[in-house]
file target-v3.cif (mmCIF, C-alpha atoms, pLDDT in the B column; chains and numbers go by the auth columns)
data_data
loop_
_atom_site.group_PDB
_atom_site.id
_atom_site.type_symbol
_atom_site.label_atom_id
_atom_site.label_comp_id
_atom_site.label_asym_id
_atom_site.label_seq_id
_atom_site.Cartn_x
_atom_site.Cartn_y
_atom_site.Cartn_z
_atom_site.B_iso_or_equiv
_atom_site.auth_seq_id
_atom_site.auth_asym_id
ATOM 1 C CA MET A 1 12.774 -7.812 -9.750 47.00 1 V
ATOM 2 C CA ALA A 2 12.936 -4.455 -7.920 44.00 2 V
ATOM 3 C CA GLY A 3 9.334 -3.756 -8.923 43.00 3 V
ATOM 4 C CA LEU A 4 8.143 -7.046 -7.481 36.00 4 V
ATOM 5 C CA THR A 5 10.016 -6.362 -4.248 37.00 5 V
ATOM 6 C CA ALA A 6 8.365 -2.935 -3.961 37.00 6 V
ATOM 7 C CA ILE A 7 4.920 -4.438 -4.561 36.00 7 V
ATOM 8 C CA ALA A 8 5.530 -7.201 -2.003 37.00 8 V
ATOM 9 C CA THR A 9 6.736 -4.667 0.553 37.00 9 V
ATOM 10 C CA LEU A 10 3.698 -2.448 -0.011 38.00 10 V
ATOM 11 C CA ALA A 11 1.307 -5.395 0.190 38.00 11 V
ATOM 12 C CA SER A 12 2.808 -6.586 3.459 40.00 12 V
ATOM 13 C CA SER A 13 2.550 -3.130 5.039 46.00 13 V
ATOM 14 C CA VAL A 14 -1.220 -2.836 4.503 45.00 14 V
ATOM 15 C CA PRO A 15 -3.388 -5.058 6.703 45.00 15 V
ATOM 16 C CA ALA A 16 -5.416 -7.564 4.723 46.00 16 V
ATOM 17 C CA HIS A 17 -8.559 -7.243 6.846 56.00 17 V
ATOM 18 C CA ALA A 18 -8.413 -3.666 8.066 66.00 18 V
ATOM 19 C CA GLU A 19 -11.752 -2.275 9.112 90.00 19 V
ATOM 20 C CA GLY A 20 -10.936 1.128 7.684 95.00 20 V
ATOM 21 C CA SER A 21 -8.373 3.677 6.625 97.00 21 V
ATOM 22 C CA ARG A 22 -8.181 7.288 5.570 97.00 22 V
ATOM 23 C CA ALA A 23 -5.622 9.399 3.707 98.00 23 V
ATOM 24 C CA THR A 24 -5.308 13.077 4.555 98.00 24 V
ATOM 25 C CA TYR A 25 -2.758 15.823 5.254 98.00 25 V
ATOM 26 C CA ILE A 26 -1.854 18.362 7.940 98.00 26 V
ATOM 27 C CA ARG A 27 -1.104 22.050 7.264 98.00 27 V
ATOM 28 C CA GLY A 28 0.184 24.414 9.955 97.00 28 V
ATOM 29 C CA TRP A 29 -1.069 22.529 12.988 98.00 29 V
ATOM 30 C CA GLN A 30 -0.404 23.966 16.434 97.00 30 V
ATOM 31 C CA TRP A 31 -1.000 22.583 19.925 98.00 31 V
ATOM 32 C CA GLY A 32 -4.476 21.125 20.439 97.00 32 V
ATOM 33 C CA GLN A 33 -5.500 20.662 16.823 98.00 33 V
ATOM 34 C CA GLU A 34 -7.436 17.468 16.115 98.00 34 V
ATOM 35 C CA SER A 35 -7.876 15.073 13.235 98.00 35 V
ATOM 36 C CA GLY A 36 -11.258 14.216 11.826 98.00 36 V
ATOM 37 C CA ARG A 37 -13.197 11.449 13.588 98.00 37 V
ATOM 38 C CA TRP A 38 -13.507 7.871 12.389 97.00 38 V
ATOM 39 C CA ARG A 39 -15.682 4.987 13.536 97.00 39 V
ATOM 40 C CA ASP A 40 -14.015 1.799 14.775 96.00 40 V
ATOM 41 C CA ASN A 41 -16.696 -0.863 15.253 94.00 41 V
ATOM 42 C CA HIS A 42 -14.184 -3.324 16.715 89.00 42 V
ATOM 43 C CA ASN A 43 -14.849 -5.809 13.898 89.00 43 V
ATOM 44 C CA ASP A 44 -11.217 -6.926 13.672 91.00 44 V
ATOM 45 C CA ALA A 45 -7.943 -7.084 15.569 90.00 45 V
ATOM 46 C CA VAL A 46 -6.079 -4.481 13.475 93.00 46 V
ATOM 47 C CA SER A 47 -3.987 -1.949 15.373 96.00 47 V
ATOM 48 C CA THR A 48 -4.951 1.716 15.262 98.00 48 V
ATOM 49 C CA ARG A 49 -2.068 3.534 13.566 98.00 49 V
ATOM 50 C CA VAL A 50 -1.221 6.984 12.233 98.00 50 V
ATOM 51 C CA ALA A 51 1.496 7.148 9.554 98.00 51 V
ATOM 52 C CA PHE A 52 3.257 10.396 8.622 98.00 52 V
ATOM 53 C CA GLU A 53 5.337 10.904 5.441 98.00 53 V
ATOM 54 C CA THR A 54 6.953 14.074 4.076 98.00 54 V
ATOM 55 C CA CYS A 55 6.930 16.095 7.290 98.00 55 V
ATOM 56 C CA SER A 56 8.079 19.602 8.187 97.00 56 V
ATOM 57 C CA ALA A 57 8.133 21.790 11.276 97.00 57 V
ATOM 58 C CA ASP A 58 9.231 25.279 12.279 94.00 58 V
ATOM 59 C CA THR A 59 12.439 23.706 13.615 86.00 59 V
ATOM 60 C CA THR A 60 15.210 21.550 12.169 84.00 60 V
ATOM 61 C CA THR A 61 13.834 18.287 13.609 91.00 61 V
ATOM 62 C CA PHE A 62 10.344 16.861 13.309 97.00 62 V
ATOM 63 C CA SER A 63 8.736 15.476 16.448 97.00 63 V
ATOM 64 C CA ALA A 64 4.966 15.375 16.871 98.00 64 V
ATOM 65 C CA PRO A 65 3.391 14.120 20.119 98.00 65 V
ATOM 66 C CA LEU A 66 -0.027 12.651 19.297 98.00 66 V
ATOM 67 C CA VAL A 67 -2.746 11.500 21.693 98.00 67 V
ATOM 68 C CA LEU A 68 -5.441 9.063 20.537 98.00 68 V
ATOM 69 C CA TYR A 69 -8.923 9.674 21.979 98.00 69 V
ATOM 70 C CA ARG A 70 -12.244 7.822 21.983 98.00 70 V
ATOM 71 C CA VAL A 71 -15.237 10.176 21.959 98.00 71 V
ATOM 72 C CA ARG A 72 -17.682 10.005 24.866 97.00 72 V
ATOM 73 C CA PRO A 73 -20.658 12.342 24.367 94.00 73 V
ATOM 74 C CA ALA A 74 -21.372 14.491 27.457 95.00 74 V
ATOM 75 C CA LEU A 75 -18.277 13.057 29.202 97.00 75 V
ATOM 76 C CA PRO A 76 -14.541 13.700 28.844 97.00 76 V
ATOM 77 C CA ASP A 77 -13.070 11.752 25.935 98.00 77 V
ATOM 78 C CA VAL A 78 -10.956 8.715 26.830 97.00 78 V
ATOM 79 C CA GLY A 79 -7.223 9.117 26.097 98.00 79 V
ATOM 80 C CA HIS A 80 -5.254 6.095 24.903 98.00 80 V
ATOM 81 C CA GLY A 81 -1.784 7.514 25.453 98.00 81 V
ATOM 82 C CA THR A 82 0.751 9.693 23.708 98.00 82 V
ATOM 83 C CA ARG A 83 2.981 8.518 20.871 98.00 83 V
ATOM 84 C CA ILE A 84 5.832 10.638 19.531 98.00 84 V
ATOM 85 C CA ASN A 85 5.736 10.608 15.744 98.00 85 V
ATOM 86 C CA THR A 86 9.075 11.476 14.106 98.00 86 V
ATOM 87 C CA CYS A 87 7.703 11.267 10.547 98.00 87 V
ATOM 88 C CA ASN A 88 7.004 7.556 10.891 98.00 88 V
ATOM 89 C CA VAL A 89 4.185 5.347 12.272 98.00 89 V
ATOM 90 C CA SER A 90 2.502 5.768 15.667 98.00 90 V
ATOM 91 C CA ASN A 91 0.754 2.614 16.899 98.00 91 V
ATOM 92 C CA TRP A 92 -1.787 2.386 19.734 98.00 92 V
ATOM 93 C CA GLY A 93 -2.589 -1.296 19.314 97.00 93 V
ATOM 94 C CA THR A 94 -6.041 -2.819 18.895 96.00 94 V
ATOM 95 C CA MET A 95 -8.930 -0.831 20.320 95.00 95 V
ATOM 96 C CA THR A 96 -11.184 -3.028 22.455 93.00 96 V
ATOM 97 C CA THR A 97 -14.149 -0.644 22.567 95.00 97 V
ATOM 98 C CA SER A 98 -16.121 0.377 19.505 96.00 98 V
ATOM 99 C CA GLY A 99 -16.643 4.087 19.064 97.00 99 V
ATOM 100 C CA ASP A 100 -15.542 7.278 17.346 98.00 100 V
ATOM 101 C CA TYR A 101 -11.827 8.071 17.567 98.00 101 V
ATOM 102 C CA TYR A 102 -9.488 10.939 16.691 98.00 102 V
ATOM 103 C CA PHE A 103 -5.956 12.055 17.445 98.00 103 V
ATOM 104 C CA ALA A 104 -4.785 15.419 18.774 98.00 104 V
ATOM 105 C CA TYR A 105 -1.431 17.144 18.375 98.00 105 V
ATOM 106 C CA THR A 106 0.080 18.222 21.705 98.00 106 V
ATOM 107 C CA GLY A 107 3.415 19.649 20.590 97.00 107 V
ATOM 108 C CA THR A 108 4.772 23.183 20.792 95.00 108 V
ATOM 109 C CA ARG A 109 5.964 23.543 17.182 96.00 109 V
ATOM 110 C CA ILE A 110 3.959 24.245 14.046 97.00 110 V
ATOM 111 C CA ILE A 111 3.856 21.098 11.892 98.00 111 V
ATOM 112 C CA SER A 112 2.807 20.095 8.400 98.00 112 V
ATOM 113 C CA VAL A 113 2.601 16.589 6.922 98.00 113 V
ATOM 114 C CA ASN A 114 1.953 15.980 3.225 98.00 114 V
ATOM 115 C CA ASP A 115 0.833 12.352 3.612 98.00 115 V
ATOM 116 C CA VAL A 116 -1.111 11.176 6.662 98.00 116 V
ATOM 117 C CA GLY A 117 -2.499 7.639 6.733 98.00 117 V
ATOM 118 C CA ILE A 118 -4.936 6.622 9.479 98.00 118 V
ATOM 119 C CA TYR A 119 -5.598 2.889 9.858 98.00 119 V
ATOM 120 C CA TRP A 120 -8.033 1.128 12.197 96.00 120 V
#
call {"tool": "encode", "arguments": {"input": "target-v3.cif", "output": "structure tokens"}}
result
Amino acid sequence: MAGLTAIATLASSVPAHAEGSRATYIRGWQWGQESGRWRDNHNDAVSTRVAFETCSADTTTFSAPLVLYRVRPALPDVGHGTRINTCNVSNWGTMTTSGDYYFAYTGTRIISVNDVGIYW
């Protein structure tokens, strides 16, 4: 029964019609470092989220301010707000404009995250 509960929980946490996702990691990030870019074609209504698991920092508590950006060639990128990730999920909601996106770390500590999931 516990196995079925775990499977049901996992299935309900992953969107059924997500446009895309990526698994990665972070090692020794400092202020201003950026994730890789991904393309959101706005084909669905799935929220853009960044999930952190197994986190560490050069302090006793983990707190990572992240800013989501949409790339605009030859113009400043559009910021979609800061979310404070405390080794959990940061959610920016559904993006209404198709384009290339990335997140940037704006904290003062050095952070590492073993499991990073990006969903859009």
call {"tool": "residues_around", "arguments": {"input": "target-v3.cif", "residues": "Thr108 in chain V", "least_positions_apart": "5", "cutoff": "12 Å", "atoms": "only C-alpha atoms", "output": "PyMOL selection string"}}
result
chain V and resi 28-33+57-59+62-66
call {"tool": "write_last_selection", "arguments": {"input": "target-v3.cif", "atoms": "C-alpha atoms", "output": "mmCIF file, in the coordinates of the input"}}
result
data_model
loop_
_atom_site.group_PDB
_atom_site.id
_atom_site.type_symbol
_atom_site.label_atom_id
_atom_site.label_comp_id
_atom_site.auth_asym_id
_atom_site.auth_seq_id
_atom_site.Cartn_x
_atom_site.Cartn_y
_atom_site.Cartn_z
ATOM 1 C CA GLY V 28 0.184 24.414 9.955
ATOM 2 C CA TRP V 29 -1.069 22.529 12.988
ATOM 3 C CA GLN V 30 -0.404 23.966 16.434
ATOM 4 C CA TRP V 31 -1.000 22.583 19.925
ATOM 5 C CA GLY V 32 -4.476 21.125 20.439
ATOM 6 C CA GLN V 33 -5.500 20.662 16.823
ATOM 7 C CA ALA V 57 8.133 21.790 11.276
ATOM 8 C CA ASP V 58 9.231 25.279 12.279
ATOM 9 C CA THR V 59 12.439 23.706 13.615
ATOM 10 C CA PHE V 62 10.344 16.861 13.309
ATOM 11 C CA SER V 63 8.736 15.476 16.448
ATOM 12 C CA ALA V 64 4.966 15.375 16.871
ATOM 13 C CA PRO V 65 3.391 14.120 20.119
ATOM 14 C CA LEU V 66 -0.027 12.651 19.297
#
call {"tool": "resolve_selection", "arguments": {"input": "target-v3.cif", "expression": "the PyMOL selection byres ((chain V and resi 99) around 12)", "output": "list in words"}}
result
Arg37, Trp38, Arg39, Asp40, Asn41, His42, Asn43, Tyr69, Arg70, Val71, Arg72, Pro73, Asp77, Val78, Met95, Thr96, Thr97, Ser98, Asp100, Tyr101, Tyr102 and Trp120 of chain V
call {"tool": "residues_around", "arguments": {"input": "target-v3.cif", "residues": "Val67 in chain V", "least_positions_apart": "4", "cutoff": "7 Å", "atoms": "only C-alpha atoms", "output": "short mmCIF file (atom, residue, chain, number, x, y, z; two decimals) with C-alpha atoms, in the frame of the given file"}}
result
data_model
loop_
_atom_site.label_atom_id
_atom_site.label_comp_id
_atom_site.auth_asym_id
_atom_site.auth_seq_id
_atom_site.Cartn_x
_atom_site.Cartn_y
_atom_site.Cartn_z
CA GLY V 79 -7.22 9.12 26.10
CA HIS V 80 -5.25 6.10 24.90
CA GLY V 81 -1.78 7.51 25.45
CA THR V 82 0.75 9.69 23.71
CA ARG V 83 2.98 8.52 20.87
CA PHE V 103 -5.96 12.06 17.44
CA ALA V 104 -4.78 15.42 18.77
CA TYR V 105 -1.43 17.14 18.38
#
call {"tool": "residues_around", "arguments": {"input": "target-v3.cif", "residues": "Ser56 in chain V", "least_positions_apart": "6", "cutoff": "9 Å", "atoms": "only C-alpha atoms", "output": "PyMOL selection string"}}
result
chain V and resi 62+87+110-114
call {"tool": "atom_distance", "arguments": {"input": "target-v3.cif", "atom1": "CA of Glu19 in chain V", "atom2": "CA of Ala51 in chain V"}}
result
16.3 Å
call {"tool": "residues_near_point", "arguments": {"input": "target-v3.cif", "point": "(7.1, 7.0, 9.3)", "cutoff": "8 Å", "atoms": "all atoms listed in the file", "output": "ChimeraX atom specification"}}
result
/V:51-53,85-90
call {"tool": "atom_distance", "arguments": {"input": "target-v3.cif", "atom1": "CA of Thr106 in chain V", "atom2": "CA of Ala45 in chain V"}}
result
27.2 Å
call {"tool": "atom_distance", "arguments": {"input": "target-v3.cif", "atom1": "CA of Cys55 in chain V", "atom2": "CA of Ile118 in chain V"}}
result
15.3 Å
call {"tool": "residues_around", "arguments": {"input": "target-v3.cif", "residues": "Gly93 in chain V", "least_positions_apart": "3", "cutoff": "8 Å", "atoms": "all atoms listed in the file", "output": "MDAnalysis selection string"}}
result
chainID V and resid 46:49
call {"tool": "closest_residue", "arguments": {"input": "target-v3.cif", "among": "V:Glu34, V:Asp44, V:Thr54, V:Thr24", "to": "Leu68 in chain V", "atoms": "all atoms listed in the file"}}
result
V:Glu34
call {"tool": "build_atoms", "arguments": {"input": "target-v3.cif", "residues": "range 101-112 of chain V", "atoms": "all heavy atoms", "output": "compact mmCIF listing (two decimals), in the coordinates of the input"}}
result
# COMPACT_ATOMS: atom_id res chain seq x y z
N TYR V 101 -13.19 7.77 17.12
CA TYR V 101 -11.83 8.07 17.57
C TYR V 101 -11.27 9.25 16.79
O TYR V 101 -11.73 9.57 15.68
CB TYR V 101 -10.92 6.86 17.35
CG TYR V 101 -11.22 5.71 18.29
CD1 TYR V 101 -12.24 4.80 18.02
CD2 TYR V 101 -10.48 5.54 19.46
CE1 TYR V 101 -12.51 3.76 18.88
CE2 TYR V 101 -10.75 4.50 20.33
CZ TYR V 101 -11.77 3.61 20.03
OH TYR V 101 -12.04 2.59 20.90
N TYR V 102 -10.25 9.88 17.35
CA TYR V 102 -9.49 10.94 16.69
C TYR V 102 -8.15 11.07 17.39
O TYR V 102 -7.96 10.55 18.50
CB TYR V 102 -10.25 12.27 16.72
CG TYR V 102 -10.44 12.87 18.10
CD1 TYR V 102 -9.57 13.84 18.58
CD2 TYR V 102 -11.50 12.46 18.91
CE1 TYR V 102 -9.75 14.38 19.86
CE2 TYR V 102 -11.68 13.00 20.17
CZ TYR V 102 -10.80 13.95 20.64
OH TYR V 102 -10.97 14.49 21.90
N PHE V 103 -7.21 11.76 16.75
CA PHE V 103 -5.96 12.06 17.44
C PHE V 103 -5.78 13.56 17.53
O PHE V 103 -6.30 14.31 16.70
CB PHE V 103 -4.74 11.37 16.79
CG PHE V 103 -4.40 11.85 15.41
CD1 PHE V 103 -3.53 12.92 15.21
CD2 PHE V 103 -4.91 11.21 14.29
CE1 PHE V 103 -3.20 13.35 13.93
CE2 PHE V 103 -4.59 11.62 13.00
CZ PHE V 103 -3.73 12.70 12.83
N ALA V 104 -5.06 14.00 18.56
CA ALA V 104 -4.78 15.42 18.77
C ALA V 104 -3.28 15.63 18.85
O ALA V 104 -2.54 14.78 19.37
CB ALA V 104 -5.45 15.91 20.06
N TYR V 105 -2.84 16.75 18.33
CA TYR V 105 -1.43 17.14 18.38
C TYR V 105 -1.20 17.94 19.65
O TYR V 105 -1.91 18.90 19.93
CB TYR V 105 -1.09 17.97 17.14
CG TYR V 105 0.27 18.61 17.17
CD1 TYR V 105 1.42 17.83 17.21
CD2 TYR V 105 0.41 19.99 17.15
CE1 TYR V 105 2.68 18.42 17.23
CE2 TYR V 105 1.66 20.58 17.17
CZ TYR V 105 2.79 19.79 17.22
OH TYR V 105 4.02 20.37 17.24
N THR V 106 -0.18 17.55 20.43
CA THR V 106 0.08 18.22 21.70
C THR V 106 1.48 18.82 21.77
O THR V 106 2.01 19.06 22.85
CB THR V 106 -0.13 17.25 22.89
OG1 THR V 106 0.76 16.14 22.74
CG2 THR V 106 -1.57 16.79 22.96
N GLY V 107 2.07 19.09 20.62
CA GLY V 107 3.42 19.65 20.59
C GLY V 107 3.42 21.17 20.61
O GLY V 107 2.38 21.82 20.52
N THR V 108 4.62 21.73 20.71
CA THR V 108 4.77 23.18 20.79
C THR V 108 5.19 23.82 19.48
O THR V 108 5.18 25.04 19.36
CB THR V 108 5.83 23.54 21.86
OG1 THR V 108 7.07 22.92 21.51
CG2 THR V 108 5.37 23.07 23.24
N ARG V 109 5.55 23.03 18.49
CA ARG V 109 5.96 23.54 17.18
C ARG V 109 4.79 23.57 16.21
O ARG V 109 3.77 22.91 16.44
CB ARG V 109 7.08 22.66 16.60
CG ARG V 109 8.30 22.56 17.46
CD ARG V 109 8.98 23.88 17.53
NE ARG V 109 10.24 23.77 18.24
CZ ARG V 109 11.03 24.78 18.45
NH1 ARG V 109 10.71 25.97 18.02
NH2 ARG V 109 12.14 24.62 19.10
N ILE V 110 4.95 24.26 15.13
CA ILE V 110 3.96 24.24 14.05
C ILE V 110 4.40 23.17 13.06
O ILE V 110 5.54 23.17 12.60
CB ILE V 110 3.85 25.61 13.36
CG1 ILE V 110 3.39 26.66 14.37
CG2 ILE V 110 2.90 25.54 12.17
CD1 ILE V 110 3.44 28.09 13.86
N ILE V 111 3.50 22.23 12.76
CA ILE V 111 3.86 21.10 11.89
C ILE V 111 2.98 21.03 10.65
O ILE V 111 1.83 21.49 10.65
CB ILE V 111 3.79 19.76 12.64
CG1 ILE V 111 2.35 19.44 13.08
CG2 ILE V 111 4.75 19.74 13.83
CD1 ILE V 111 2.14 18.01 13.52
N SER V 112 3.54 20.43 9.62
CA SER V 112 2.81 20.10 8.40
C SER V 112 3.25 18.71 7.96
O SER V 112 4.42 18.35 8.12
CB SER V 112 3.09 21.10 7.29
OG SER V 112 2.58 22.37 7.63
